[in-house]
>>> print(open('data_20.cif').read())   # mmCIF, C-alpha atoms
data_start
#
loop_
_atom_site.label_atom_id
_atom_site.label_comp_id
_atom_site.auth_asym_id
_atom_site.auth_seq_id
_atom_site.Cartn_x
_atom_site.Cartn_y
_atom_site.Cartn_z
CA MET A 1 -19.30 -14.11 1.18
CA ARG A 2 -17.08 -16.90 2.40
CA THR A 3 -16.49 -17.01 6.15
CA ALA A 4 -13.31 -18.31 7.69
CA GLU A 5 -12.09 -18.93 11.20
CA THR A 6 -9.22 -16.72 12.32
CA PHE A 7 -6.83 -17.20 15.19
CA ARG A 8 -4.40 -14.42 16.15
CA THR A 9 -1.49 -14.68 18.54
CA VAL A 10 1.90 -13.11 19.21
CA LEU A 11 4.67 -15.69 19.38
CA PRO A 12 7.37 -15.46 22.09
CA SER A 13 9.70 -13.92 19.49
CA GLY A 14 7.26 -11.04 19.01
CA LEU A 15 5.96 -12.22 15.62
CA ASP A 16 2.31 -11.18 15.19
CA THR A 17 0.74 -14.30 13.71
CA VAL A 18 -2.69 -14.64 12.12
CA LEU A 19 -3.91 -18.10 11.12
CA VAL A 20 -6.92 -18.28 8.83
CA THR A 21 -8.63 -21.65 8.45
CA VAL A 22 -10.60 -22.34 5.26
CA PRO A 23 -11.68 -26.00 5.41
CA GLY A 24 -10.89 -27.92 2.26
CA ALA A 25 -8.71 -25.20 0.75
CA PRO A 26 -6.55 -26.77 -2.01
CA LEU A 27 -3.85 -24.12 -1.61
CA ALA A 28 -2.05 -22.61 1.36
CA GLU A 29 -1.16 -18.93 1.35
CA ILE A 30 1.67 -17.39 3.38
CA ARG A 31 2.38 -13.67 3.75
CA LEU A 32 5.25 -12.29 5.84
CA VAL A 33 5.16 -8.50 6.20
CA LEU A 34 8.21 -6.61 7.49
CA PRO A 35 8.44 -2.86 8.22
CA TYR A 36 10.73 -1.47 5.52
CA ALA A 37 10.31 2.30 5.24
CA ARG A 38 13.34 4.33 4.11
CA THR A 39 13.63 6.33 7.28
CA GLU A 40 17.35 7.20 7.47
CA PRO A 41 20.22 8.40 5.28
CA GLY A 42 22.49 5.59 4.15
CA LEU A 43 19.81 2.89 3.94
CA ALA A 44 18.18 3.25 0.53
CA ALA A 45 20.75 1.42 -1.61
CA ALA A 46 21.29 -1.29 1.01
CA GLN A 47 17.52 -1.80 1.22
CA GLU A 48 17.34 -2.24 -2.55
CA LEU A 49 20.12 -4.83 -2.48
CA LEU A 50 18.61 -6.72 0.44
CA ALA A 51 15.17 -6.81 -1.16
CA ALA A 52 16.70 -8.01 -4.44
CA HIS A 53 18.47 -10.92 -2.72
CA LEU A 54 15.96 -11.88 -0.05
CA GLY A 55 13.76 -14.71 -1.25
CA THR A 56 16.05 -15.82 -4.07
CA ALA A 57 18.82 -17.95 -2.53
CA THR A 58 20.16 -19.04 0.83
CA THR A 59 23.48 -20.15 2.25
CA THR A 60 22.33 -23.76 1.77
CA ARG A 61 20.33 -23.40 -1.49
CA ASP A 62 21.30 -21.53 -4.63
CA ARG A 63 18.72 -19.83 -6.86
CA GLN A 64 18.05 -22.96 -8.86
CA ALA A 65 17.59 -25.07 -5.73
CA VAL A 66 15.12 -22.55 -4.30
CA ALA A 67 13.17 -22.46 -7.57
CA ASP A 68 13.17 -26.26 -7.79
CA ARG A 69 11.96 -26.59 -4.19
CA ALA A 70 9.14 -24.13 -4.78
CA ALA A 71 8.14 -26.06 -7.90
CA ASP A 72 8.16 -29.33 -5.94
CA LEU A 73 5.67 -27.72 -3.54
CA GLY A 74 3.40 -26.78 -6.42
CA GLY A 75 3.71 -23.06 -5.85
CA GLU A 76 5.79 -19.93 -6.01
CA PHE A 77 7.58 -17.48 -3.73
CA SER A 78 7.81 -13.74 -4.40
CA THR A 79 8.96 -10.51 -2.77
CA VAL A 80 7.35 -7.08 -3.05
CA VAL A 81 8.55 -3.76 -1.61
CA THR A 82 6.19 -0.85 -0.88
CA ALA A 83 6.75 2.54 0.73
CA GLU A 84 6.16 0.92 4.11
CA HIS A 85 6.79 -2.81 3.91
CA LEU A 86 8.72 -5.70 2.46
CA VAL A 87 6.34 -8.60 1.81
CA LEU A 88 7.38 -12.20 1.20
CA SER A 89 4.55 -14.25 -0.31
CA ALA A 90 4.11 -17.94 -0.97
CA SER A 91 1.28 -19.89 -2.57
CA VAL A 92 1.65 -23.66 -2.42
CA LEU A 93 -0.41 -26.83 -2.56
CA ALA A 94 -2.12 -27.47 0.76
CA GLU A 95 -0.04 -30.54 1.57
CA GLY A 96 3.15 -28.50 1.10
CA LEU A 97 2.46 -25.95 3.86
CA ARG A 98 4.94 -27.36 6.36
CA ASP A 99 7.70 -27.59 3.75
CA ALA A 100 6.87 -24.08 2.52
CA LEU A 101 7.32 -22.74 6.05
CA GLU A 102 10.69 -24.51 6.20
CA LEU A 103 11.74 -22.89 2.92
CA LEU A 104 10.48 -19.50 4.09
CA ALA A 105 12.51 -19.82 7.29
CA ASP A 106 15.62 -20.67 5.27
CA LEU A 107 15.10 -17.64 3.01
CA VAL A 108 14.50 -15.31 5.95
CA LEU A 109 17.12 -16.57 8.38
CA ARG A 110 19.90 -17.60 6.00
CA PRO A 111 19.72 -15.52 2.82
CA ALA A 112 22.68 -15.49 0.46
CA LEU A 113 23.79 -11.87 0.66
CA PRO A 114 26.69 -9.97 -0.92
CA GLU A 115 29.61 -8.80 1.14
CA THR A 116 29.72 -5.21 2.32
CA VAL A 117 29.66 -2.90 -0.69
CA ALA A 118 32.20 -0.10 -0.42
CA ARG A 119 31.33 3.26 -1.90
CA ASP A 120 34.61 3.33 -3.81
CA GLY A 121 33.33 0.35 -5.80
CA HIS A 122 36.38 -1.84 -5.10
CA ARG A 123 34.47 -4.62 -3.38
CA GLY A 124 31.24 -6.49 -3.95
CA PRO A 125 28.50 -5.71 -6.47
CA THR A 126 27.92 -2.22 -7.76
CA PRO A 127 25.46 -0.26 -5.62
CA PRO A 128 22.21 0.70 -7.34
CA ALA A 129 22.70 3.95 -9.23
CA SER A 130 20.61 6.88 -8.08
CA ARG A 131 18.04 7.87 -10.67
CA PRO A 132 16.65 11.36 -11.18
CA ALA A 133 13.06 11.69 -10.09
CA GLY A 134 10.49 11.51 -12.86
CA PRO A 135 7.66 14.01 -13.29
CA ARG A 136 5.15 12.02 -11.23
CA THR A 137 7.60 11.52 -8.36
CA THR A 138 8.51 15.21 -8.47
CA LEU A 139 4.85 16.21 -8.27
CA ARG A 140 4.10 13.63 -5.56
CA ARG A 141 6.89 14.90 -3.32
CA ALA A 142 5.87 18.52 -3.86
CA GLN A 143 2.22 17.70 -3.17
CA LEU A 144 2.97 15.94 0.11
CA ARG A 145 5.60 18.49 1.19
CA HIS A 146 3.20 21.41 0.71
CA ALA A 147 0.24 19.59 2.22
CA PHE A 148 1.82 17.86 5.20
CA GLY A 149 5.25 19.40 5.77
CA ALA A 150 8.81 18.12 5.89
CA PRO A 151 11.13 16.44 6.61
CA HIS A 152 9.54 13.08 5.90
CA PRO A 153 10.60 9.93 3.98
CA LEU A 154 7.72 10.32 1.51
CA VAL A 155 8.72 13.92 0.83
CA ASP A 156 12.51 13.95 0.84
CA ASP A 157 14.93 12.04 -1.35
CA ILE A 158 17.12 10.73 1.47
CA PRO A 159 20.77 10.57 0.32
CA ASP A 160 22.96 7.60 1.04
CA GLY A 161 26.03 9.57 2.03
CA ALA A 162 29.48 8.02 1.88
CA ALA A 163 29.00 5.01 4.15
CA ALA A 164 29.48 1.47 2.94
CA LEU A 165 26.38 -0.57 2.13
CA ASP A 166 26.47 -3.23 4.84
CA VAL A 167 23.67 -5.43 3.56
CA ARG A 168 24.26 -8.15 6.12
CA ALA A 169 24.05 -5.67 9.00
CA LEU A 170 20.81 -4.34 7.51
CA HIS A 171 19.47 -7.91 7.36
CA ARG A 172 20.24 -8.42 11.04
CA ARG A 173 18.46 -5.19 11.86
CA ALA A 174 15.50 -5.24 9.46
CA VAL A 175 14.55 -8.91 9.17
CA VAL A 176 13.41 -9.45 12.76
CA PRO A 177 10.18 -10.94 14.15
CA GLN A 178 9.27 -8.10 16.51
CA GLY A 179 7.12 -5.69 14.53
CA ALA A 180 6.61 -8.18 11.69
CA GLY A 181 3.36 -9.93 10.81
CA LEU A 182 2.80 -13.44 9.48
CA LEU A 183 -0.47 -14.59 7.91
CA VAL A 184 -1.08 -18.23 7.02
CA MET A 185 -4.29 -19.25 5.24
CA SER A 186 -4.87 -22.97 4.90
CA GLY A 187 -7.30 -25.80 5.48
CA GLU A 188 -5.43 -27.10 8.52
CA ALA A 189 -6.48 -26.60 12.14
CA PRO A 190 -4.89 -23.48 13.68
CA GLU A 191 -3.16 -25.37 16.48
CA ARG A 192 -1.34 -27.55 13.93
CA VAL A 193 -0.34 -24.53 11.86
CA ARG A 194 0.90 -22.66 14.91
CA ALA A 195 3.01 -25.66 15.92
CA ALA A 196 4.51 -25.78 12.43
CA VAL A 197 5.25 -22.03 12.50
CA GLU A 198 6.93 -22.34 15.89
CA ASP A 199 8.96 -25.34 14.75
CA GLU A 200 10.23 -23.69 11.57
CA LEU A 201 10.56 -20.07 12.73
CA GLY A 202 11.30 -20.68 16.40
CA GLU A 203 14.97 -19.79 16.00
CA TRP A 204 14.14 -16.44 14.37
CA THR A 205 15.09 -13.76 16.86
CA GLY A 206 16.16 -10.14 16.83
CA ALA A 207 17.19 -7.32 19.12
CA GLY A 208 13.90 -5.44 19.20
CA PRO A 209 11.93 -3.96 16.31
CA SER A 210 13.79 -2.65 13.27
CA GLY A 211 12.57 0.93 13.56
CA LEU A 212 11.93 1.04 9.81
CA VAL A 213 8.40 2.29 10.36
CA LEU A 214 6.94 5.13 8.33
CA PRO A 215 6.57 8.10 10.73
CA PRO A 216 3.51 10.37 10.74
CA PHE A 217 3.57 13.53 8.67
CA PRO A 218 4.55 16.72 10.54
CA ARG A 219 0.98 17.96 10.00
CA ALA A 220 -2.13 15.80 10.27
CA GLU A 221 -4.38 18.09 8.19
CA PRO A 222 -3.32 19.12 4.67
CA THR A 223 -2.52 22.77 3.99
CA PRO A 224 -4.87 23.85 1.17
CA GLY A 225 -4.00 26.01 -1.81
CA ARG A 226 -2.78 25.88 -5.39
CA LEU A 227 0.65 24.58 -6.39
CA ALA A 228 1.79 24.73 -10.03
CA LEU A 229 5.06 23.13 -11.16
CA HIS A 230 6.51 23.33 -14.66
CA ALA A 231 8.97 21.08 -16.48
CA PRO A 232 9.88 21.88 -20.11
CA ASP A 233 10.25 18.19 -20.94
CA ALA A 234 6.89 17.09 -19.44
CA ASP A 235 4.89 15.17 -22.04
CA GLN A 236 1.72 15.09 -19.91
CA ALA A 237 -0.17 17.36 -17.57
CA LEU A 238 -0.40 15.78 -14.11
CA LEU A 239 -2.71 16.73 -11.24
CA LEU A 240 -2.73 15.53 -7.64
CA THR A 241 -4.83 16.86 -4.78
CA ALA A 242 -4.63 16.38 -1.03
CA GLY A 243 -7.77 16.91 1.00
CA PRO A 244 -8.79 15.91 4.54
CA ALA A 245 -9.96 12.35 5.12
CA ILE A 246 -10.84 9.80 7.79
CA PRO A 247 -8.89 6.54 8.03
CA ALA A 248 -10.60 3.18 8.16
CA PRO A 249 -12.22 2.01 10.39
CA ASP A 250 -12.78 5.32 12.25
CA PRO A 251 -16.37 6.61 12.54
CA GLY A 252 -17.31 8.59 9.46
CA HIS A 253 -14.96 6.78 7.09
CA THR A 254 -17.73 4.83 5.37
CA ALA A 255 -19.77 7.95 4.57
CA LEU A 256 -16.69 9.69 3.18
CA HIS A 257 -15.83 6.58 1.15
CA LEU A 258 -19.22 6.72 -0.57
CA ALA A 259 -18.79 10.45 -1.25
CA GLN A 260 -15.35 9.71 -2.72
CA VAL A 261 -16.82 7.02 -5.01
CA VAL A 262 -19.44 9.51 -6.24
CA LEU A 263 -16.67 12.04 -6.84
CA GLY A 264 -14.22 9.88 -8.77
CA GLY A 265 -14.25 6.25 -7.74
CA HIS A 266 -15.85 4.55 -10.75
CA ALA A 267 -16.53 4.85 -14.47
CA THR A 268 -19.60 7.13 -14.18
CA SER A 269 -18.36 9.34 -11.33
CA ARG A 270 -18.69 13.12 -11.37
CA LEU A 271 -15.04 13.70 -12.28
CA THR A 272 -15.09 11.12 -15.07
CA ARG A 273 -18.22 12.60 -16.64
CA ARG A 274 -16.93 16.17 -16.32
CA LEU A 275 -13.27 15.79 -17.29
CA ARG A 276 -13.43 13.00 -19.85
CA GLU A 277 -16.92 12.95 -21.35
CA ARG A 278 -17.90 16.62 -21.21
CA HIS A 279 -14.57 18.41 -21.75
CA GLY A 280 -12.19 15.73 -23.03
CA LEU A 281 -9.46 17.03 -20.74
CA ALA A 282 -8.16 13.88 -19.06
CA TYR A 283 -7.59 10.30 -20.12
CA ALA A 284 -6.97 9.03 -16.59
CA VAL A 285 -9.16 10.14 -13.68
CA ASP A 286 -9.37 8.73 -10.18
CA ALA A 287 -10.24 9.75 -6.63
CA SER A 288 -9.24 7.64 -3.64
CA ILE A 289 -8.68 7.74 0.09
CA ARG A 290 -4.98 7.12 0.67
CA GLN A 291 -3.95 5.75 4.06
CA ASN A 292 -0.62 4.63 5.48
CA GLY A 293 1.54 5.16 8.54
CA ALA A 294 2.22 8.76 7.52
CA GLY A 295 -1.42 9.87 7.47
CA CYS A 296 -4.70 9.81 5.57
CA TRP A 297 -5.84 12.07 2.77
CA LEU A 298 -8.36 12.27 -0.06
CA GLU A 299 -6.54 12.35 -3.38
CA ILE A 300 -7.65 13.13 -6.92
CA ASP A 301 -5.25 11.90 -9.60
CA CYS A 302 -5.63 13.09 -13.20
CA VAL A 303 -3.51 12.84 -16.34
CA GLY A 304 -4.14 14.98 -19.40
CA ALA A 305 -2.47 16.33 -22.51
CA PRO A 306 0.39 18.81 -22.05
CA GLY A 307 -0.83 22.37 -21.60
CA THR A 308 -4.04 21.42 -19.77
CA GLY A 309 -2.77 21.60 -16.18
CA ASP A 310 -4.47 24.85 -15.19
CA ARG A 311 -7.71 23.87 -16.89
CA LEU A 312 -7.67 20.53 -15.06
CA ALA A 313 -7.21 22.35 -11.77
CA GLU A 314 -10.14 24.68 -12.54
CA GLU A 315 -12.50 21.86 -13.46
CA VAL A 316 -11.50 19.69 -10.49
CA THR A 317 -12.09 22.63 -8.13
CA ALA A 318 -15.47 23.31 -9.75
CA CYS A 319 -16.45 19.65 -9.41
CA LEU A 320 -15.48 19.62 -5.72
CA THR A 321 -17.48 22.81 -5.14
CA GLU A 322 -20.53 21.43 -6.92
CA LEU A 323 -20.56 18.20 -4.94
CA ALA A 324 -19.73 19.82 -1.60
CA GLU A 325 -22.45 22.46 -1.94
CA GLY A 326 -25.19 20.43 -3.63
CA GLY A 327 -24.44 16.93 -2.36
CA PRO A 328 -24.83 13.71 -4.33
CA THR A 329 -28.19 12.59 -5.68
CA PRO A 330 -29.94 9.56 -4.15
CA GLU A 331 -29.23 7.65 -7.35
CA GLU A 332 -25.52 8.49 -7.14
CA VAL A 333 -25.38 7.26 -3.54
CA ARG A 334 -27.22 4.06 -4.47
CA ARG A 335 -24.82 3.39 -7.32
CA ALA A 336 -21.78 4.17 -5.15
CA ARG A 337 -23.06 1.88 -2.41
CA ARG A 338 -23.46 -1.03 -4.81
CA TYR A 339 -20.09 -0.37 -6.44
CA ALA A 340 -18.25 -0.19 -3.10
CA ALA A 341 -19.94 -3.35 -1.80
CA GLY A 342 -19.10 -5.19 -5.02
CA PHE A 343 -15.50 -4.02 -4.93
CA THR A 344 -15.01 -5.49 -1.44
CA ARG A 345 -16.23 -8.83 -2.74
CA PHE A 346 -13.85 -8.68 -5.71
CA ALA A 347 -11.01 -8.03 -3.26
CA LEU A 348 -11.85 -11.36 -1.63
CA ALA A 349 -12.56 -13.22 -4.88
CA THR A 350 -9.54 -15.53 -4.65
CA ARG A 351 -7.70 -16.85 -1.63
CA ALA A 352 -4.46 -15.28 -2.83
CA GLU A 353 -6.12 -11.85 -2.96
CA GLU A 354 -7.80 -12.43 0.36
CA ALA A 355 -4.55 -13.45 2.03
CA SER A 356 -2.77 -10.36 0.71
CA ALA A 357 -5.63 -8.11 1.84
CA LEU A 358 -5.77 -9.62 5.32
CA ALA A 359 -1.99 -9.37 5.71
CA GLY A 360 -2.25 -5.70 4.76
CA PHE A 361 -4.94 -5.15 7.37
CA VAL A 362 -2.80 -6.74 10.04
CA ALA A 363 0.19 -4.60 9.07
CA GLY A 364 -1.98 -1.46 9.00
CA GLY A 365 -3.54 -2.06 12.39
CA LEU A 366 -7.02 -2.90 11.06
CA PRO A 367 -9.16 -5.76 12.37
CA VAL A 368 -8.62 -8.95 10.40
CA ASP A 369 -12.32 -9.17 9.52
CA TRP A 370 -12.67 -5.50 8.54
CA LEU A 371 -13.28 -6.06 4.82
CA THR A 372 -15.69 -8.96 5.30
CA THR A 373 -17.95 -6.80 7.51
CA TYR A 374 -17.61 -3.66 5.39
CA PRO A 375 -20.65 -4.29 3.11
CA ASP A 376 -22.86 -4.22 6.23
CA ALA A 377 -21.33 -0.88 7.24
CA LEU A 378 -21.99 0.49 3.74
CA ALA A 379 -25.63 -0.56 3.91
CA GLU A 380 -26.13 1.24 7.22
CA VAL A 381 -24.89 4.67 6.08
CA THR A 382 -27.75 7.05 5.28
CA ASP A 383 -27.83 9.36 2.29
CA ALA A 384 -27.83 12.31 4.69
CA ARG A 385 -24.54 11.16 6.23
CA VAL A 386 -22.96 10.93 2.78
CA THR A 387 -24.15 14.46 1.97
CA GLU A 388 -22.66 15.73 5.25
CA ALA A 389 -19.34 14.03 4.49
CA ALA A 390 -19.26 15.58 1.01
CA ALA A 391 -19.95 19.04 2.41
CA HIS A 392 -17.22 18.76 5.03
CA TYR A 393 -14.42 16.86 3.29
CA LEU A 394 -14.82 17.83 -0.37
CA ASP A 395 -14.78 21.56 0.33
CA PRO A 396 -12.11 22.89 -2.08
CA SER A 397 -11.08 25.53 0.47
CA ARG A 398 -9.64 22.63 2.51
CA THR A 399 -7.88 20.99 -0.45
CA LEU A 400 -4.45 21.37 -2.04
CA VAL A 401 -4.53 21.22 -5.85
CA ALA A 402 -1.08 20.55 -7.35
CA THR A 403 -0.21 20.28 -11.04
CA LEU A 404 2.86 19.68 -13.18
CA ASP A 405 2.84 20.82 -16.80
CA HIS A 406 5.38 21.67 -19.47
CA ARG A 407 4.73 25.43 -19.32
CA PRO A 408 2.36 27.96 -17.72
CA SER A 409 -0.93 28.27 -19.54
#
>>> encode(input="data_20.cif", output="structure tokens")
Amino acid sequence: MRTAETFRTVLPSGLDTVLVTVPGAPLAEIRLVLPYARTEPGLAAAQELLAAHLGTATTTRDRQAVADRAADLGGEFSTVVTAEHLVLSASVLAEGLRDALELLADLVLRPALPETVARDGHRGPTPPASRPAGPRTTLRRAQLRHAFGAPHPLVDDIPDGAAALDVRALHRRAVVPQGAGLLVMSGEAPERVRAAVEDELGEWTGAGPSGLVLPPFPRAEPTPGRLALHAPDADQALLLTAGPAIPAPDPGHTALHLAQVVLGGHATSRLTRRLRERHGLAYAVDASIRQNGAGCWLEIDCVGAPGTGDRLAEEVTACLTELAEGGPTPEEVRRARRYAAGFTRFALATRAEEASALAGFVAGGLPVDWLTTYPDALAEVTDARVTEAAAHYLDPSRTLVATLDHRPS
């Protein structure tokens, strides 16, 4: 696995900055991560508008000028919004790093934004229309509400109320350096990159952190049980579970990760063999450890034909019981260990993927080198530890099983 030198510092503005040096790298990667959770009424539509405009044009460059400048640098700029963050990404030719930082600063500090949007619709662009929640969103909110409690941004559809959408005020509040993270991966020496960052982003200031940080769930441990929702127009049966889990890199996470891979983390996992190959119940099966600022939980996600929701719940519960009581076989652990180690290497296969992963680690509070050292941690976990993790965390009596189907079975 490729090794790289990392240098981490917090600039006077409060910007958490990680510089990764890969000698000879032909491309430079930039990731700016801003907290962007929908934590308050009245913000959702303004956040959508800000995210749609940020990164596209500035007060000194229109959309075409921004696109032309990015092309001149041999790269591209993009913006992605998640439940927790707004991420601005850039990939450019190595020699264009300094100019890319200048363009990034222009996009961040001087975006071309619409005027305040009044709710009566008489001024500015039309606010984004609220859309009814689809079946998966409905089930997701119900799953998390039952498991972890409410109120919470991941559980509740926060209304916008009657206030005007002041996008510029939101920009002043949300796009601030304190609480944000910047990752730059390039072939240049870190001291030169830091000087360039300070030169281009030195004027970026803000009055404290934005506060748009995803809060923890009301309950840390999921409430177990069975939850069955029905929607007459559902064209699929959906299943989501919420079981206890350990976040990375806490002790015990690696053993649970291997147990999760045995359960449903790859093509020959227990759930895949049982639900797809043996019973033909599901055409999408997955188990994963979900982790964010709200909490950490083990989730099984299945999709089947309409009318199979209760049967899916029965088979998933039986599979959890079987693995928790009997434990995985040595061959299953060996296969899971190799799969997990290989997956970490795929995550670092390209510099763009590596930069995105490292930026995510920084934003999530993980060590920058966590993924590069993870294969060693996987190799050190004994089969007995994996069996113990399966017995403790896959116990169905500690798991919520939620389904949405078109009618009761």
>>> atom_distance(input="data_20.cif", atom1="atom CA of A:Arg136", atom2="atom CA of A:Tyr393")
24.8 Å
>>> resolve_selection(input="data_20.cif", expression="the PyMOL selection byres ((chain A and resi 221) around 12)", output="ChimeraX atom specification")
/A:144,146-149,216-220,222-224,242-246,294-298,393,398-400
>>> atom_distance(input="data_20.cif", atom1="atom CA of A:Ala105", atom2="atom CA of A:Ala83")
24.0 Å
>>> atom_distance(input="data_20.cif", atom1="atom CA of A:Leu366", atom2="atom CA of A:Arg334")
26.4 Å
>>> closest_residue(input="data_20.cif", among="A:Ser89, A:Thr58, A:Thr241, A:Gln236", to="A:Ala359", atoms="only C-alpha atoms")
A:Ser89
>>> residues_around(input="data_20.cif", residues="A:Thr268", least_positions_apart="4", cutoff="10 Å", atoms="all atoms listed in the file", output="NGL selection string")
:A and (261-264 or 272-274 or 277 or 332 or 335-336)
>>> write_last_selection(input="data_20.cif", atoms="C-alpha atoms", output="short mmCIF file (atom, residue, chain, number, x, y, z; two decimals), keeping the file's coordinate frame")
data_model
loop_
_atom_site.label_atom_id
_atom_site.label_comp_id
_atom_site.auth_asym_id
_atom_site.auth_seq_id
_atom_site.Cartn_x
_atom_site.Cartn_y
_atom_site.Cartn_z
CA VAL A 261 -16.82 7.02 -5.01
CA VAL A 262 -19.44 9.51 -6.24
CA LEU A 263 -16.67 12.04 -6.84
CA GLY A 264 -14.22 9.88 -8.77
CA THR A 272 -15.09 11.12 -15.07
CA ARG A 273 -18.22 12.60 -16.64
CA ARG A 274 -16.93 16.17 -16.32
CA GLU A 277 -16.92 12.95 -21.35
CA GLU A 332 -25.52 8.49 -7.14
CA ARG A 335 -24.82 3.39 -7.32
CA ALA A 336 -21.78 4.17 -5.15
#
>>> resolve_selection(input="data_20.cif", expression="the PyMOL selection byres ((chain A and resi 375) around 12)", output="short mmCIF file (atom, residue, chain, number, x, y, z; two decimals) with C-alpha atoms, in the frame of the given file")
data_model
loop_
_atom_site.label_atom_id
_atom_site.label_comp_id
_atom_site.auth_asym_id
_atom_site.auth_seq_id
_atom_site.Cartn_x
_atom_site.Cartn_y
_atom_site.Cartn_z
CA MET A 1 -19.30 -14.11 1.18
CA THR A 254 -17.73 4.83 5.37
CA LEU A 258 -19.22 6.72 -0.57
CA ALA A 336 -21.78 4.17 -5.15
CA ARG A 337 -23.06 1.88 -2.41
CA ARG A 338 -23.46 -1.03 -4.81
CA TYR A 339 -20.09 -0.37 -6.44
CA ALA A 340 -18.25 -0.19 -3.10
CA ALA A 341 -19.94 -3.35 -1.80
CA GLY A 342 -19.10 -5.19 -5.02
CA PHE A 343 -15.50 -4.02 -4.93
CA THR A 344 -15.01 -5.49 -1.44
CA ARG A 345 -16.23 -8.83 -2.74
CA PHE A 346 -13.85 -8.68 -5.71
CA ASP A 369 -12.32 -9.17 9.52
CA TRP A 370 -12.67 -5.50 8.54
CA LEU A 371 -13.28 -6.06 4.82
CA THR A 372 -15.69 -8.96 5.30
CA THR A 373 -17.95 -6.80 7.51
CA TYR A 374 -17.61 -3.66 5.39
CA ASP A 376 -22.86 -4.22 6.23
CA ALA A 377 -21.33 -0.88 7.24
CA LEU A 378 -21.99 0.49 3.74
CA ALA A 379 -25.63 -0.56 3.91
CA GLU A 380 -26.13 1.24 7.22
CA VAL A 381 -24.89 4.67 6.08
#
>>> residues_near_point(input="data_20.cif", point="(-2.5, -27.7, 4.9)", cutoff="7 Å", atoms="all atoms listed in the file", output="list of chain:residue names")
A:Ala28, A:Ala94, A:Glu95, A:Gly96, A:Leu97, A:Ser186, A:Gly187, A:Glu188
>>> residues_near_point(input="data_20.cif", point="(1.3, 15.0, -19.5)", cutoff="6 Å", atoms="all atoms listed in the file", output="PyMOL selection string")
chain A and resi 234-238+304-306
>>> closest_residue(input="data_20.cif", among="A:Thr382, A:Gln260, A:Thr403, A:Thr9", to="A:Ala324", atoms="all atoms listed in the file")
A:Gln260
>>> resolve_selection(input="data_20.cif", expression="the PyMOL selection byres ((chain A and resi 112) around 6)", output="PyMOL selection string")
chain A and resi 57-59+111+113
>>> closest_atom_pairs(input="data_20.cif", of="stretch 39-147 of chain A", to="stretch 202-214 of chain A", cutoff="9 Å", atoms="all atoms listed in the file", output="JSON lines")
{"residue": "A:Thr39", "atom": "CA", "partner": "A:Leu212", "partner_atom": "CA", "distance": 6.1}
{"residue": "A:Glu40", "atom": "CA", "partner": "A:Leu212", "partner_atom": "CA", "distance": 8.5}
{"residue": "A:Ala83", "atom": "CA", "partner": "A:Leu214", "partner_atom": "CA", "distance": 8.0}
{"residue": "A:Glu84", "atom": "CA", "partner": "A:Leu214", "partner_atom": "CA", "distance": 6.0}
{"residue": "A:His85", "atom": "CA", "partner": "A:Val213", "partner_atom": "CA", "distance": 8.4}
{"residue": "A:Ala105", "atom": "CA", "partner": "A:Trp204", "partner_atom": "CA", "distance": 8.0}
{"residue": "A:Val108", "atom": "CA", "partner": "A:Trp204", "partner_atom": "CA", "distance": 8.5}
{"residue": "A:Leu109", "atom": "CA", "partner": "A:Trp204", "partner_atom": "CA", "distance": 6.7}
>>> residues_around(input="data_20.cif", residues="A:Val18", least_positions_apart="3", cutoff="7 Å", atoms="all atoms listed in the file", output="list in words")
Thr6, Phe7, Arg8, Thr9, Leu182, Leu183 and Val184 of chain A
>>> write_last_selection(input="data_20.cif", atoms="C-alpha atoms", output="PDB file, in the coordinates of the input")
ATOM      1  CA  THR A   6      -9.220 -16.720  12.320  1.00  0.00           C
ATOM      2  CA  PHE A   7      -6.830 -17.200  15.190  1.00  0.00           C
ATOM      3  CA  ARG A   8      -4.400 -14.420  16.150  1.00  0.00           C
ATOM      4  CA  THR A   9      -1.490 -14.680  18.540  1.00  0.00           C
ATOM      5  CA  LEU A 182       2.800 -13.440   9.480  1.00  0.00           C
ATOM      6  CA  LEU A 183      -0.470 -14.590   7.910  1.00  0.00           C
ATOM      7  CA  VAL A 184      -1.080 -18.230   7.020  1.00  0.00           C
TER       8      VAL A 184
END
